[in-house]
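A.B. asks: Starting off with a structure, shown below.
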Amino acid sequence: MNEFLVNLKINNIPVSVKEGTTILDAAKILNFKIPTLCNHPDLTVAGNCRVCVVEVEGSRLLSASCATPVSEGMEVYTNSEKVRTARKHVIELLLSEHNADCTKCFKNGHCELQDLASEYRIGDHVFIDMVKDRSKLADMSSPSIAKDDSKCIRCQRCVRTCEELQSVSALAVINKGDHQKISTFMNKPMDDVVCTNCGQCINRCPTGALTERTYLEEVWNAINNPSKHVVVQTAPAVRIGLGEDLGYKPGERVTGKMVAALKHIGFDSVLDTDFTADLTIMEEGTELLTRLKKALVEGEKVALPMMTSCSPGWIKFQEHMFPDLLNNLSTCKSPQQMFGALAKTYYARKKGIDPKNMVSVSIMPCTAKKFECNRPEMRDSGYQDVDYVLTTRELAMMVKQAGIDFMKLDDEHYDSIMGEGTGAAVIFGATGGVMEAALRTAYEIVTGREVPFKNLNIMPVRGFEGIKEAKVLINDVKPEWKFLEGVELSVAIAHGLHNANELMKAVREGKVVYHFIEVMGCPGGCLGGGGQPIPTSPEIRQKRASAIYAEDEGLPLRKSHLNPEVALIYKEFLGEPLGHKSHDLLHTHYKVRKRY
Amino acid sequence: MENKVLKRVDYIFQESSVVEVIELITKTFKKTPDDIILDVIDSGLRGRGGAGFPTGLKWRFAKNEDSPVKYVICNADEGEPGTFKDREILETVASKVLAGMCICGHSIGAKEGFIYLRGEYNYLLPHLSKVTDDFNNQLKTKNIDFTVYIKSGSGAYICGEESALFESMEGKRGEPRNKPPYPTISGYNAKPTVINNVETLVYAYMICKMGVEKFKELGTKDSRGSKVFSVSGDTPNAGIFELELGMPLKDFVQDFGDGDTKAVQVGGASGHCVPRKHFNETIIGFEGIPTGGSMMIFNSSRSMYNVLHDYLEFFTEESCGQCTPCRVGCQQLLKGIEAVKKGERKPQYLDELKKLSATMKVAAKCGLGQSVANPFNSIIDNFREEIIY
């Protein structure tokens, strides 16, 4: 009974809540919905939109319910005349400076301001229209993120996201009063600043001010062009997120329906990024073992800890913030880019297609992937390896545009080749997943035994703790791995760039020693990616994570090295991990970028 | 009401050397912190920045907080249009301000004090630093563990709002915080902080010097003591004057008006505009219209539309922009009166705007947005025809 309870009344109904609870949360317990805009479960309290104001008996002022803790004997009214007037005023004021071209807006139907305007039947509001310089074009410089200030309501969710969750601070508030806006360093275009394209700001923007750059029309055009062979790959986290935009509750696995929908839409071949996720484990696992061998046996100075390179937001972050640690990054391309390079080489050759007539599309939970596919290094097939990246959200739009009744679809299977994936690949979608997949394979390669965790589930690397650590003792190794006998493999996992930043600082200062680090740029890993359905919250991400691990357990193969298509591609095409062909197609290099 | 004639007095600007104030500090420190705070409470001293919170209570709240680190901050971000008395105080009697801070620090258990100096007052820095260094050194020789530092603002009006001031001091964008928590619990660096106006600190010092009873003889029951006024506008007597609080506006206009006074803006741009017809019943003080010191006098040559327009332009620009009612509300009020003036909106639109200003008064995040309704309503209500025609 350490918890101190506070008694109050909300709309005359008594309730007892923990000390420190906000009025907003107390009202939720009684099922009184108070509208909010600047408030977000992942962020600190701002209290700046003022749409959540309530009346507290005895106070001259209205209180922002998101920012006001309850107190004993408080009497709160969430719907009084005073509250309704103020709330309507706030919505009307926001609309008076909002470019309300709703029917043309990418967020039409998914806009929190639009919802409120509709709920309160704002109609023809009384105030003077102040949308400044309507003709001013949105910042479309970034291949990932479109920023349209005329739709911005200054809630600062994006600013808090960029600073608190990502430690990037590409977006900040500038100027004051009527000139106040959300901008970048020196007002530079989005593609010229420290932005990592992670898209977490998009996930939390209540309006259409921040959206992904969409390539829907380009993809439709390719599909409808009979001379093009359009292949599509789907990332692990898409299958557990897509349902949310198509009528399902968070945590629904819709893999089979998604594949069916993609076939209905008209992609020539529906393939799986899981295939290259498994391939990544082979390449990256071998790279790690090679680095360890060089360090332990040959005494060579190699960059350790090695760090994963699947997350393009994380890569760009590292290029800006920790350029001195670029050698620690695995040289492996991300699964998306491995897939792209192989699609226009291996796949094209096997299928007898001229790669110049191929269009390679990927469906990603990610906006940084849109940037990644445009990196100049990513043309090893002789063409742009991945032509277009669509987010999970954009795929949902395609499904709707195609008139597909998603929930009624029968499950279908991925096409072959490059459509086979194991459970180890699926868990790439959750923080800790790459690590778990790598350990399942590397441990077995080195010792000939399965990882010593029940049912292959390496629990210490799972979960949403900001930075996780684990140690795995390697013993009774196969003769060829004798140098690893008795080594305690030490690993760490960070998700969200704020945690990555903390971990990297510790690594740089030598405060921590690891062999291998997994970093995912987004909170929760790809399942919380910037291209996933909106809204997001810790609860939603938890449900998506459960779905990912359920998908893993439901698959017959759960170790990357058992993927038969992976074995085949080494036999037919690549030779061996880190071999010559791998080097050409599957590995990359990084670029030092400035912070300003 | 007490039947006495309130008049000009001269306490605050009486010269005082660092040595003298240090002497008074050592004398005062023979009392316990609690007794000093009791004296300040008993004196009835209320904040001279304009809001009028009882100073002694603020000190007691901070003293009651259990924290090894506490701060005293002198709010010298004097930005209210028409207010220029803190500048004079810092120029002429800075040592008294420092003494007030030191006494406050001793009373609440703070070892560090900061003067947050308005950016535009940076020219005072050489002088102020010299006095402060001298003061700090003298305290050291007396083994008094208190040091005063100076921090400069950068010219934003909003940083005079105490929580925005803390943000600014912490190197962040000057945006007001949510309250609660209040500064006495979580202020600068999230530590218990007393933040007082320059003049308040001087009066705290004066109370220790002249005694509670003598201070209480000044002013009225609800507005104890005297106050420094910045008188400007259509007056033959512009300048800085120390007057007893609680003076009827009629008497003030008698002394300072030019014989043609149409209205007095009491309390600067965020204060109230009092028309001639209300001079008789208006008291300058906490029982009437409180002021941070600004008294702007307008005669019949002035257009009250222009006056209001200027104020609204000021707020539109100086709003920090974070909260909706203030950022957008100020712009709507400004554009609204322009539209009415031009005939683009009907005169009745002013009533819509009054409803909006009422929302701003209760829903804005800080005092800036909440107080825009003061000039807006008082000018619209009393000079409606000047706005419309």
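Labels used: A, B, ... for chains in the order of the structure tokens, numbers from 1 for residues in each chain, and numbers from 1 for ligands as shown.
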Where in segment 453-496 of chain A does DSSP assign helix (DSSP H, G or I), given as JSON, numbers by chain?
C.D. replies: {"A": [454, 455, 456, 459, 460, 461, 479, 480, 481, 482, 483, 484]}
A.B. asks: Save the residues we just selected, all heavy atoms, as a JSON list (two decimals), in the first residue's frame?
C.D. replies:
[["chain", "number", "residue", "atom", "x", "y", "z"],
["A", 454, "LYS", "N", 15.40, -22.62, -24.47],
["A", 454, "LYS", "CA", 14.24, -23.47, -24.67],
["A", 454, "LYS", "C", 13.49, -23.08, -25.94],
["A", 454, "LYS", "O", 13.15, -21.91, -26.13],
["A", 454, "LYS", "CB", 13.31, -23.36, -23.46],
["A", 454, "LYS", "CG", 12.23, -24.42, -23.44],
["A", 454, "LYS", "CD", 11.28, -24.22, -22.26],
["A", 454, "LYS", "CE", 10.05, -25.09, -22.48],
["A", 454, "LYS", "NZ", 8.94, -24.66, -21.64],
["A", 455, "ASN", "N", 13.28, -24.06, -26.79],
["A", 455, "ASN", "CA", 12.45, -23.86, -27.98],
["A", 455, "ASN", "C", 13.07, -22.81, -28.93],
["A", 455, "ASN", "O", 12.36, -22.16, -29.68],
["A", 455, "ASN", "CB", 11.05, -23.41, -27.55],
["A", 455, "ASN", "CG", 10.01, -23.89, -28.51],
["A", 455, "ASN", "OD1", 10.31, -24.68, -29.41],
["A", 455, "ASN", "ND2", 8.79, -23.40, -28.34],
["A", 456, "LEU", "N", 14.37, -22.62, -28.86],
["A", 456, "LEU", "CA", 15.10, -21.66, -29.70],
["A", 456, "LEU", "C", 14.78, -20.20, -29.36],
["A", 456, "LEU", "O", 15.23, -19.29, -30.04],
["A", 456, "LEU", "CB", 14.81, -21.88, -31.20],
["A", 456, "LEU", "CG", 15.34, -23.15, -31.87],
["A", 456, "LEU", "CD1", 14.87, -23.19, -33.32],
["A", 456, "LEU", "CD2", 16.86, -23.20, -31.81],
["A", 459, "MET", "N", 15.22, -15.53, -24.94],
["A", 459, "MET", "CA", 14.45, -14.50, -24.26],
["A", 459, "MET", "C", 15.26, -13.26, -23.84],
["A", 459, "MET", "O", 14.74, -12.15, -23.89],
["A", 459, "MET", "CB", 13.72, -15.09, -23.04],
["A", 459, "MET", "CG", 12.73, -16.20, -23.38],
["A", 459, "MET", "SD", 11.63, -15.81, -24.76],
["A", 459, "MET", "CE", 10.47, -14.73, -23.96],
["A", 460, "PRO", "N", 16.53, -13.41, -23.44],
["A", 460, "PRO", "CA", 17.25, -12.19, -22.98],
["A", 460, "PRO", "C", 17.37, -11.11, -24.05],
["A", 460, "PRO", "O", 17.57, -9.94, -23.72],
["A", 460, "PRO", "CB", 18.65, -12.73, -22.61],
["A", 460, "PRO", "CG", 18.45, -14.18, -22.36],
["A", 460, "PRO", "CD", 17.35, -14.62, -23.26],
["A", 461, "VAL", "N", 17.27, -11.45, -25.33],
["A", 461, "VAL", "CA", 17.42, -10.42, -26.35],
["A", 461, "VAL", "C", 16.05, -9.88, -26.80],
["A", 461, "VAL", "O", 15.96, -9.04, -27.69],
["A", 461, "VAL", "CB", 18.21, -10.91, -27.59],
["A", 461, "VAL", "CG1", 19.58, -11.40, -27.15],
["A", 461, "VAL", "CG2", 17.47, -11.99, -28.35],
["A", 479, "PRO", "N", 36.15, -28.52, -34.18],
["A", 479, "PRO", "CA", 37.61, -28.29, -34.26],
["A", 479, "PRO", "C", 37.98, -27.01, -35.01],
["A", 479, "PRO", "O", 38.87, -26.27, -34.58],
["A", 479, "PRO", "CB", 38.11, -29.53, -35.02],
["A", 479, "PRO", "CG", 37.05, -30.57, -34.89],
["A", 479, "PRO", "CD", 35.77, -29.87, -34.62],
["A", 480, "GLU", "N", 37.29, -26.74, -36.12],
["A", 480, "GLU", "CA", 37.72, -25.59, -36.93],
["A", 480, "GLU", "C", 37.44, -24.25, -36.23],
["A", 480, "GLU", "O", 37.92, -23.19, -36.67],
["A", 480, "GLU", "CB", 37.06, -25.59, -38.32],
["A", 480, "GLU", "CG", 35.54, -25.52, -38.34],
["A", 480, "GLU", "CD", 34.85, -26.88, -38.36],
["A", 480, "GLU", "OE1", 35.35, -27.80, -37.67],
["A", 480, "GLU", "OE2", 33.83, -27.04, -39.04],
["A", 481, "TRP", "N", 36.67, -24.25, -35.15],
["A", 481, "TRP", "CA", 36.37, -23.01, -34.43],
["A", 481, "TRP", "C", 37.06, -23.01, -33.06],
["A", 481, "TRP", "O", 36.59, -22.34, -32.13],
["A", 481, "TRP", "CB", 34.86, -22.85, -34.26],
["A", 481, "TRP", "CG", 34.13, -22.81, -35.56],
["A", 481, "TRP", "CD1", 33.40, -23.81, -36.13],
["A", 481, "TRP", "CD2", 34.08, -21.70, -36.48],
["A", 481, "TRP", "NE1", 32.90, -23.42, -37.35],
["A", 481, "TRP", "CE2", 33.30, -22.11, -37.59],
["A", 481, "TRP", "CE3", 34.63, -20.42, -36.48],
["A", 481, "TRP", "CZ2", 33.06, -21.29, -38.68],
["A", 481, "TRP", "CZ3", 34.38, -19.60, -37.56],
["A", 481, "TRP", "CH2", 33.60, -20.04, -38.65],
["A", 482, "LYS", "N", 38.17, -23.73, -32.96],
["A", 482, "LYS", "CA", 38.82, -23.91, -31.66],
["A", 482, "LYS", "C", 39.12, -22.58, -30.96],
["A", 482, "LYS", "O", 39.07, -22.47, -29.74],
["A", 482, "LYS", "CB", 40.13, -24.71, -31.84],
["A", 482, "LYS", "CG", 40.34, -25.75, -30.76],
["A", 482, "LYS", "CD", 41.56, -26.59, -31.02],
["A", 482, "LYS", "CE", 42.82, -25.83, -30.68],
["A", 482, "LYS", "NZ", 44.04, -26.43, -31.18],
["A", 483, "PHE", "N", 39.39, -21.55, -31.77],
["A", 483, "PHE", "CA", 39.76, -20.26, -31.16],
["A", 483, "PHE", "C", 38.61, -19.63, -30.37],
["A", 483, "PHE", "O", 38.80, -18.69, -29.62],
["A", 483, "PHE", "CB", 40.26, -19.28, -32.24],
["A", 483, "PHE", "CG", 39.20, -18.83, -33.20],
["A", 483, "PHE", "CD1", 38.52, -17.63, -33.00],
["A", 483, "PHE", "CD2", 38.90, -19.58, -34.32],
["A", 483, "PHE", "CE1", 37.55, -17.21, -33.87],
["A", 483, "PHE", "CE2", 37.92, -19.16, -35.21],
["A", 483, "PHE", "CZ", 37.24, -17.99, -34.99],
["A", 484, "LEU", "N", 37.41, -20.16, -30.58],
["A", 484, "LEU", "CA", 36.26, -19.59, -29.85],
["A", 484, "LEU", "C", 35.94, -20.39, -28.58],
["A", 484, "LEU", "O", 35.02, -20.04, -27.85],
["A", 484, "LEU", "CB", 35.02, -19.56, -30.75],
["A", 484, "LEU", "CG", 35.03, -18.46, -31.82],
["A", 484, "LEU", "CD1", 33.85, -18.63, -32.77],
["A", 484, "LEU", "CD2", 34.99, -17.07, -31.18]]
A.B. asks: Pull out every residue of chain B sitting within 7 Å of chain A, counting only C-alpha atoms, and send them as JSON, numbers by chain.
C.D. replies: {"B": [178, 180, 316, 317, 318, 319, 320, 321, 322, 323, 324, 325, 327, 328, 329, 331, 332, 356, 359, 362, 363, 365]}
A.B. asks: Tell me, which residues of segment 353-465 of chain A carry DSSP strand (DSSP E), written as JSON, numbers by chain?
C.D. replies: {"A": [358, 359, 360, 361, 362, 363, 364, 388, 389, 390, 391]}
A.B. asks: Please provide the set of residues having any atom within 12 Å of Leu43 of chain A, restricted to only C-alpha atoms, with same-chain residues fewer than 3 positions apart removed, written as a VMD selection string.
C.D. replies: chain A and resid 38 to 40 46 to 47 66 155 to 166 200 to 201 204 523 536 to 538
A.B. asks: Set the distance at 12 Å and use only C-alpha atoms: which residues neighbour Pro33 of chain B once local chain neighbours fewer than 5 positions away are removed? I'd like the list as a list in words.
C.D. replies: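 In the requested form, the answer reads Thr28, Leu38, Asp39, Val40, Gly56, Trp59, Arg60, Ala62, Lys63, Asn64, Cys102, Ile103, Cys104, Gly105, His106, Ser107, Ile108, Gly109 and Ala110 of chain B.
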A.B. asks: Any idea what's packed within 10 Å of Phe215 of chain B, counting only C-alpha atoms, ignoring anything in its chain fewer than 4 positions away? Could you give it as a list in words?
C.D. replies: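 Counting only the stated atoms, we get Ser43, Gly44, Leu45, Tyr203, Met206, Ile207, Cys208, Lys209, Met210, Gly211, Gly219, Arg224, Gly225 and Ser226 of chain B.
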A.B. asks: If we count only C-alpha atoms and set the cut-off at 12 Å, which residues sit around Lys591 of chain A, ignoring sequence neighbours fewer than 5 positions away in its own chain? Please answer as a ChimeraX atom specification.
C.D. replies: /A:315-327,329,375-377
A.B. asks: Go ahead and dump the residues you just picked, N, CA and C atoms, as a CSV table (one decimal), in the first residue's frame.
C.D. replies:
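Writing done, so here's again_6.csv:
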chain,number,residue,atom,x,y,z
A,315,ILE,N,21.8,3.6,-40.0
A,315,ILE,CA,23.0,3.8,-40.8
A,315,ILE,C,23.3,5.3,-41.0
A,316,LYS,N,22.3,6.0,-41.4
A,316,LYS,CA,22.5,7.5,-41.7
A,316,LYS,C,22.8,8.2,-40.4
A,317,PHE,N,22.2,7.7,-39.3
A,317,PHE,CA,22.4,8.3,-38.0
A,317,PHE,C,23.9,8.2,-37.6
A,318,GLN,N,24.4,6.9,-37.8
A,318,GLN,CA,25.8,6.6,-37.5
A,318,GLN,C,26.7,7.5,-38.4
A,319,GLU,N,26.3,7.6,-39.7
A,319,GLU,CA,27.2,8.4,-40.6
A,319,GLU,C,27.3,9.9,-40.2
A,320,HIS,N,26.2,10.4,-39.6
A,320,HIS,CA,26.2,11.8,-39.1
A,320,HIS,C,26.9,11.9,-37.8
A,321,MET,N,26.5,11.0,-36.8
A,321,MET,CA,26.8,11.3,-35.4
A,321,MET,C,28.0,10.5,-35.0
A,322,PHE,N,28.3,9.3,-35.5
A,322,PHE,CA,29.5,8.6,-35.0
A,322,PHE,C,30.3,8.1,-36.2
A,323,PRO,N,30.7,9.1,-37.1
A,323,PRO,CA,31.5,8.6,-38.3
A,323,PRO,C,32.8,7.9,-37.9
A,324,ASP,N,33.2,8.1,-36.7
A,324,ASP,CA,34.4,7.4,-36.3
A,324,ASP,C,34.2,5.9,-36.0
A,325,LEU,N,32.9,5.5,-36.0
A,325,LEU,CA,32.6,4.1,-35.7
A,325,LEU,C,32.0,3.4,-37.0
A,326,LEU,N,32.2,4.0,-38.2
A,326,LEU,CA,31.6,3.4,-39.4
A,326,LEU,C,32.3,2.1,-39.7
A,327,ASN,N,33.5,1.9,-39.3
A,327,ASN,CA,34.2,0.6,-39.6
A,327,ASN,C,33.6,-0.5,-38.8
A,329,LEU,N,30.4,-1.0,-38.4
A,329,LEU,CA,29.2,-1.4,-39.1
A,329,LEU,C,29.5,-2.6,-39.9
A,375,ARG,N,20.3,5.5,-52.6
A,375,ARG,CA,21.7,5.7,-52.4
A,375,ARG,C,22.5,5.3,-53.6
A,376,PRO,N,23.5,6.1,-54.0
A,376,PRO,CA,24.2,5.8,-55.2
A,376,PRO,C,25.0,4.5,-55.2
A,377,GLU,N,25.2,4.0,-53.9
A,377,GLU,CA,26.0,2.7,-53.9
A,377,GLU,C,25.0,1.5,-54.3
A.B. asks: With distances taken over only C-alpha atoms, which residue among A:Leu342, A:Ile223, A:Cys152, A:Val70 lies nearest Gly20 of chain A?
C.D. replies: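 Comparing A:Leu342, A:Ile223, A:Cys152, A:Val70 against Gly20 of chain A, the winner is A:Val70.
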A.B. asks: As a list in words, please: the residues near Ser416 of chain A (cut-off 10 Å, only C-alpha atoms, same-chain neighbours under 5 positions excluded).
C.D. replies: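 Listing them by chain and then by number gives Ser269, Val270, Leu271, Asp272, Tyr347 and Glu565 of chain A.
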A.B. asks: Which one of A:Cys522, A:Ala368, A:Leu390, A:Val6 sits closest to Thr214 of chain A if you count only C-alpha atoms?
C.D. replies: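 Among the listed residues, the smallest separation from Thr214 of chain A belongs to A:Leu390.
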A.B. asks: Which residue out of B:Gly113, B:Gly171, B:Pro248, B:Gly100 has the minimum interatomic distance to Ile36 of chain B when only C-alpha atoms are used?
C.D. replies: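 Residue with the minimum atom-to-atom distance to Ile36 of chain B: B:Gly100.
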A.B. asks: Select, from A:Asp124, A:Ala260, A:Tyr596, A:Phe428, the residue with the minimum atom-to-atom distance to Met186 of chain A, counting only C-alpha atoms.
C.D. replies: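 Selected residue with least distance to Met186 of chain A: A:Tyr596.
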A.B. asks: Which residue, B:Gly259, B:Pro176, B:Gly288, B:Pro181, has the smallest gap to Gly369 of chain B when you use only C-alpha atoms?
C.D. replies: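 Counting only C-alpha atoms, the residue closest to Gly369 of chain B is B:Pro176.
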